[in-house]
Structure formats: structure tokens, C-alpha cells
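Written out below as C-alpha cells is the structure these notes cover.
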Amino acid sequence: IGRVLVRDALRHIARQADFEGQAGIPVLIYNPLNWERQEVVTGDVDFVFDDPLADDFQIVDCSGRVVPHYVLKDEEIIFMEVLKGNHKRRVRLAFPADVPPCGYSTCYIQPRTDSLPDGSGQWQVTERGAANSYISFTIEADGGLRVKDEVTGHTYANLGHFYDVEDAGDEYTYAPCPHSQTITTAGRQAKVTRVVETPVLVTYCSLCRSAMVA
């Protein structure tokens, strides 16, 4: 029910948008927060199942600039909507976007041209981290994150660890037990795997073999 309510609300906003900026299938990127966001977005685009555009396309912004993208998933779906069957090819995309506060920006899906950029040179990727001109991060041996703000030089260490401690209190008040023990992943060996590396997105999987009692 929640997904349907969100879908219908976004459709209502989309009906008021101006799609005359470029030719192609419009894609709206919403920002519900009250500050501008410049980041990689992910989303699903449903093509008619036999539409050849789904095989080879590009994304452009309102000014016609080609935006690098990566296909995360490509699948056939069939669903019902108000007793109407839909046979679609759903493509999940990742691409960078600039979105104003409490607003939206529009991109367009078009047939691919020779001007499609590869997005190379935007960042450097290693086996356990990545960096650009603004921020860098490294996954430590125990799976914790070390993040550095490349603008200010400030470093944040030991991020992302699991900590669990007992609670003898009630739903309102925390109360420690005698001889308290904390279970944590900090200090344990982790297996780090780079799952996806693209011009716009890199994904890692970090698995800690076991937690330890601190």
C-alpha cells in the first residue's frame, strides 16, 4: 500500500512538470530534502518489452549534455494495474544528478550517439576504497571505514562497526547489567570484495567472519 501511495503522489507531481527540454523519455529525479544534492542516483525505467531503445541508449540532461550511466539490472516484468496487464522490460540505472532542494530535475533517455562519455578520470578506485577531489574512503582490515574529507583534511575513523550490548532497563530507560560485555565487529578480520566498479558507481561487500566480545 505504501509503495502505491508513493507512486501515485509522484505521478501527480510528474503531471505538472515541463518535459519540453529535450526529446526522449523523461526521467524525473526528486529531492525531498531542503538542500541541493549532487550525487549518484539509482532508479528503474520501464520500457515497453520489445522496445529496441532499451538495448542501446544514452541519458542527457535538460541542456542536452550526455550523462554517464551504468545498468545495474535488466529484467522482464509482468504486473497488473487497475485490471490492465503490463509487460515491461525494467532497467535499473545509476547516474550522477544535480537536484535542487525540495524539487526535481529532469533527464531524458534517447537513442545512443557517438558522444556518450565514459566518465573516466572522475575518481580513483582501489581494492578497498575510492577517492575523488572531495572525499576518499578506505575499508580497513576489520571492515570499518576510514573516511577523509579531501577539502578540509579531516579524517573519520572506525565507522560502520557493529556494536551490541545488553540492556536491563525498560522501554524508556537503559540500564547496564553487571559485568557488561559488548559484542562488536571491531578488531575482527573481514573479507572485502569489490562487487561493482563503473564510471559512476563502485560497490563493496564487507563480511566479518564473527563478532568478538570486548
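The way I read the labels, and the way they are meant: chains A, B, ... in the order of the C-alpha cells, residue 1 as the first residue of every chain, and ligand 1 as the first ligand shown, with later ones counted on from there.
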
Could you pull out all residues of region 40-127 of chain A with a DSSP call of strand (DSSP E or B) and give them as an MDAnalysis selection string? chainID A and resid 40:48 57:60 66:67 70:81 84:99 103:111 124:126

Determine, counting only C-alpha atoms, which protein, DNA and RNA residues have an atom within 12 Å of an atom of Val202 (chain A); residues of the same chain fewer than 2 positions away are not included. Present the result as a CSV table (one decimal) with C-alpha atoms, in the first residue's frame.
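Contents of around19.csv, as written:
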```csv
chain,number,residue,atom,x,y,z
A,40,VAL,CA,24.7,9.3,-7.9
A,70,TYR,CA,25.5,2.2,-15.7
A,72,LEU,CA,22.6,-2.3,-12.6
A,94,ALA,CA,22.8,4.6,-11.8
A,95,PHE,CA,23.9,8.0,-12.9
A,123,TRP,CA,37.8,9.1,-9.3
A,124,GLN,CA,40.4,6.5,-8.4
A,125,VAL,CA,39.3,3.1,-7.3
A,126,THR,CA,41.4,0.6,-5.3
A,127,GLU,CA,40.7,-2.9,-3.9
A,128,ARG,CA,39.5,-1.4,-0.6
A,129,GLY,CA,38.4,2.1,-1.4
A,130,ALA,CA,37.9,5.0,-3.7
A,131,ALA,CA,38.7,8.7,-3.9
A,137,PHE,CA,37.4,6.2,1.9
A,193,THR,CA,35.1,-7.8,-2.1
A,194,ARG,CA,34.7,-5.2,-4.8
A,195,VAL,CA,31.3,-6.1,-6.4
A,196,VAL,CA,30.7,-3.4,-9.0
A,197,GLU,CA,33.1,-0.8,-10.5
A,198,THR,CA,31.7,1.6,-13.0
A,199,PRO,CA,32.4,5.2,-14.1
A,200,VAL,CA,29.6,6.4,-11.8
A,204,TYR,CA,32.0,-3.2,-2.0
A,205,CYS,CA,30.8,-6.2,0.2
```

Tell me, as number ranges by chain, which residues lie within 8 Å of Ile139 (chain A), counting only C-alpha atoms; anything in the same chain fewer than 4 positions away does not count. A: 128-129, 143-146, 192

Would you put the residues from that selection into a file with N, CA, C and O atoms, as an mmCIF file, in the first residue's frame?
```cif
data_model
loop_
_atom_site.group_PDB
_atom_site.id
_atom_site.type_symbol
_atom_site.label_atom_id
_atom_site.label_comp_id
_atom_site.auth_asym_id
_atom_site.auth_seq_id
_atom_site.Cartn_x
_atom_site.Cartn_y
_atom_site.Cartn_z
ATOM 1 N N ARG A 128 40.192 -1.655 -1.887
ATOM 2 C CA ARG A 128 39.470 -1.430 -0.628
ATOM 3 C C ARG A 128 39.012 0.006 -0.456
ATOM 4 O O ARG A 128 38.802 0.464 0.664
ATOM 5 N N GLY A 129 38.852 0.743 -1.534
ATOM 6 C CA GLY A 129 38.414 2.122 -1.368
ATOM 7 C C GLY A 129 38.357 2.875 -2.673
ATOM 8 O O GLY A 129 38.605 2.331 -3.745
ATOM 9 N N GLY A 143 36.888 -4.318 8.457
ATOM 10 C CA GLY A 143 35.638 -3.909 7.827
ATOM 11 C C GLY A 143 35.186 -2.509 8.168
ATOM 12 O O GLY A 143 34.207 -2.014 7.596
ATOM 13 N N GLY A 144 35.862 -1.831 9.069
ATOM 14 C CA GLY A 144 35.497 -0.456 9.404
ATOM 15 C C GLY A 144 35.909 0.514 8.315
ATOM 16 O O GLY A 144 36.808 0.244 7.512
ATOM 17 N N LEU A 145 35.255 1.651 8.290
ATOM 18 C CA LEU A 145 35.518 2.659 7.268
ATOM 19 C C LEU A 145 36.387 3.783 7.818
ATOM 20 O O LEU A 145 36.196 4.245 8.944
ATOM 21 N N ARG A 146 37.335 4.217 7.001
ATOM 22 C CA ARG A 146 38.103 5.427 7.281
ATOM 23 C C ARG A 146 37.789 6.412 6.157
ATOM 24 O O ARG A 146 38.123 6.156 4.993
ATOM 25 N N VAL A 192 36.733 -8.434 2.261
ATOM 26 C CA VAL A 192 36.248 -7.308 1.468
ATOM 27 C C VAL A 192 36.317 -7.670 -0.008
ATOM 28 O O VAL A 192 37.363 -8.094 -0.508
#
```

So how many Å separate CA of Asp149 (chain A) and CA of Glu39 (chain A), to one decimal?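 Pair CA of Asp149 (chain A) / CA of Glu39 (chain A) returns 15.7 Å.
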
Contacts of region 109-112 of chain A at 9 Å or less, counting only C-alpha atoms, minus same-chain residues fewer than 4 places along, as a PyMOL selection string? chain A and resi 23-27+53-54+56-60+116

So that I have them on file, write out the residues from the current selection with N, CA, C and O atoms, as a PDB file, in the first residue's frame.
```
ATOM      1  N   ALA A  23      14.157  15.909 -26.366  1.00  0.00           N
ATOM      2  CA  ALA A  23      13.378  14.776 -26.863  1.00  0.00           C
ATOM      3  C   ALA A  23      13.753  13.528 -26.081  1.00  0.00           C
ATOM      4  O   ALA A  23      14.814  13.459 -25.461  1.00  0.00           O
ATOM      5  N   GLY A  24      12.869  12.540 -26.088  1.00  0.00           N
ATOM      6  CA  GLY A  24      13.165  11.282 -25.433  1.00  0.00           C
ATOM      7  C   GLY A  24      12.233  10.994 -24.270  1.00  0.00           C
ATOM      8  O   GLY A  24      11.274  11.728 -24.004  1.00  0.00           O
ATOM      9  N   ILE A  25      12.519   9.912 -23.572  1.00  0.00           N
ATOM     10  CA  ILE A  25      11.721   9.505 -22.408  1.00  0.00           C
ATOM     11  C   ILE A  25      12.174  10.311 -21.197  1.00  0.00           C
ATOM     12  O   ILE A  25      13.336  10.239 -20.794  1.00  0.00           O
ATOM     13  N   PRO A  26      11.301  11.115 -20.591  1.00  0.00           N
ATOM     14  CA  PRO A  26      11.720  11.921 -19.435  1.00  0.00           C
ATOM     15  C   PRO A  26      11.861  11.078 -18.176  1.00  0.00           C
ATOM     16  O   PRO A  26      11.085  10.148 -17.931  1.00  0.00           O
ATOM     17  N   VAL A  27      12.881  11.379 -17.396  1.00  0.00           N
ATOM     18  CA  VAL A  27      13.108  10.741 -16.101  1.00  0.00           C
ATOM     19  C   VAL A  27      13.236  11.846 -15.066  1.00  0.00           C
ATOM     20  O   VAL A  27      14.112  12.699 -15.162  1.00  0.00           O
ATOM     21  N   LEU A  53      14.977   0.532 -27.921  1.00  0.00           N
ATOM     22  CA  LEU A  53      15.708   1.589 -27.230  1.00  0.00           C
ATOM     23  C   LEU A  53      16.367   1.075 -25.963  1.00  0.00           C
ATOM     24  O   LEU A  53      17.424   1.572 -25.547  1.00  0.00           O
ATOM     25  N   ALA A  54      15.765   0.048 -25.328  1.00  0.00           N
ATOM     26  CA  ALA A  54      16.312  -0.486 -24.082  1.00  0.00           C
ATOM     27  C   ALA A  54      17.667  -1.151 -24.276  1.00  0.00           C
ATOM     28  O   ALA A  54      18.406  -1.352 -23.312  1.00  0.00           O
ATOM     29  N   ASP A  56      20.175   0.034 -26.338  1.00  0.00           N
ATOM     30  CA  ASP A  56      21.271   0.960 -26.606  1.00  0.00           C
ATOM     31  C   ASP A  56      20.753   2.383 -26.491  1.00  0.00           C
ATOM     32  O   ASP A  56      20.110   2.900 -27.402  1.00  0.00           O
ATOM     33  N   PHE A  57      21.034   3.035 -25.372  1.00  0.00           N
ATOM     34  CA  PHE A  57      20.511   4.373 -25.135  1.00  0.00           C
ATOM     35  C   PHE A  57      21.530   5.205 -24.376  1.00  0.00           C
ATOM     36  O   PHE A  57      22.539   4.709 -23.876  1.00  0.00           O
ATOM     37  N   GLN A  58      21.244   6.474 -24.294  1.00  0.00           N
ATOM     38  CA  GLN A  58      22.039   7.407 -23.507  1.00  0.00           C
ATOM     39  C   GLN A  58      21.100   8.259 -22.676  1.00  0.00           C
ATOM     40  O   GLN A  58      19.896   8.324 -22.939  1.00  0.00           O
ATOM     41  N   ILE A  59      21.660   8.922 -21.653  1.00  0.00           N
ATOM     42  CA  ILE A  59      20.899   9.843 -20.809  1.00  0.00           C
ATOM     43  C   ILE A  59      21.468  11.235 -21.004  1.00  0.00           C
ATOM     44  O   ILE A  59      22.687  11.423 -20.971  1.00  0.00           O
ATOM     45  N   VAL A  60      20.587  12.216 -21.223  1.00  0.00           N
ATOM     46  CA  VAL A  60      21.015  13.603 -21.352  1.00  0.00           C
ATOM     47  C   VAL A  60      20.254  14.442 -20.336  1.00  0.00           C
ATOM     48  O   VAL A  60      19.144  14.097 -19.925  1.00  0.00           O
ATOM     49  N   LEU A 116      28.683   9.554 -26.277  1.00  0.00           N
ATOM     50  CA  LEU A 116      28.493   9.032 -24.929  1.00  0.00           C
ATOM     51  C   LEU A 116      29.809   9.009 -24.166  1.00  0.00           C
ATOM     52  O   LEU A 116      30.774   8.381 -24.590  1.00  0.00           O
TER      53      LEU A 116
END
```

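Nearest to Tyr104 (chain A) of all the residues A:Asp18, A:Asp8, A:Asp51, A:Glu171 is A:Asp18, based on only C-alpha atoms.
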
Provide the CA of His69 (chain A) to CA of Glu20 (chain A) distance in Å, to one decimal place. 22.0 Å

I need the residue nearest Thr152 (chain A) from this list: A:Ser63, A:Thr113, A:Thr42, A:Ser136. Use only C-alpha atoms for the distance.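 Closest residue, counting only C-alpha atoms: A:Ser136.
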
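With only C-alpha atoms as the atoms that count, the residue of A:Tyr156, A:Trp35, A:Phe47, A:Tyr30 with the shortest distance to Val6 (chain A) is A:Tyr30.
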
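The spacing separating CA of Thr106 (chain A) from CA of Lys84 (chain A) amounts to 27.8 Å.
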
Taking the DSSP assignment computed from this structure's backbone, write out as a list in words all residues of chain A that belong to alpha helix (DSSP H).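 Answer for chain A restricted to alpha helix (DSSP H) is Gly2, Arg3, Val4, Leu5, Val6, Arg7, Asp8, Ala9, Leu10, Arg11, His12, Ile13 and Ala14 of chain A.
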
Keeping only C-alpha atoms, write the selected residues to a file as a CSV table (one decimal), in the first residue's frame.
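And here's selection.csv as it stands now:
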```csv
chain,number,residue,atom,x,y,z
A,2,GLY,CA,2.8,2.4,0.9
A,3,ARG,CA,4.5,1.9,-2.5
A,4,VAL,CA,1.3,2.6,-4.3
A,5,LEU,CA,0.7,5.8,-2.3
A,6,VAL,CA,4.2,7.0,-3.1
A,7,ARG,CA,3.8,6.1,-6.8
A,8,ASP,CA,0.5,7.9,-7.1
A,9,ALA,CA,1.9,11.0,-5.3
A,10,LEU,CA,5.0,11.1,-7.6
A,11,ARG,CA,2.8,10.7,-10.7
A,12,HIS,CA,0.7,13.7,-9.5
A,13,ILE,CA,3.9,15.8,-9.3
A,14,ALA,CA,5.1,14.5,-12.7
```

Counting only C-alpha atoms, the option among A:Glu36, A:Glu81, A:Asp61, A:Glu76 closest to Val48 (chain A):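 The shortest atom-to-atom distance to Val48 (chain A) comes from A:Glu76.
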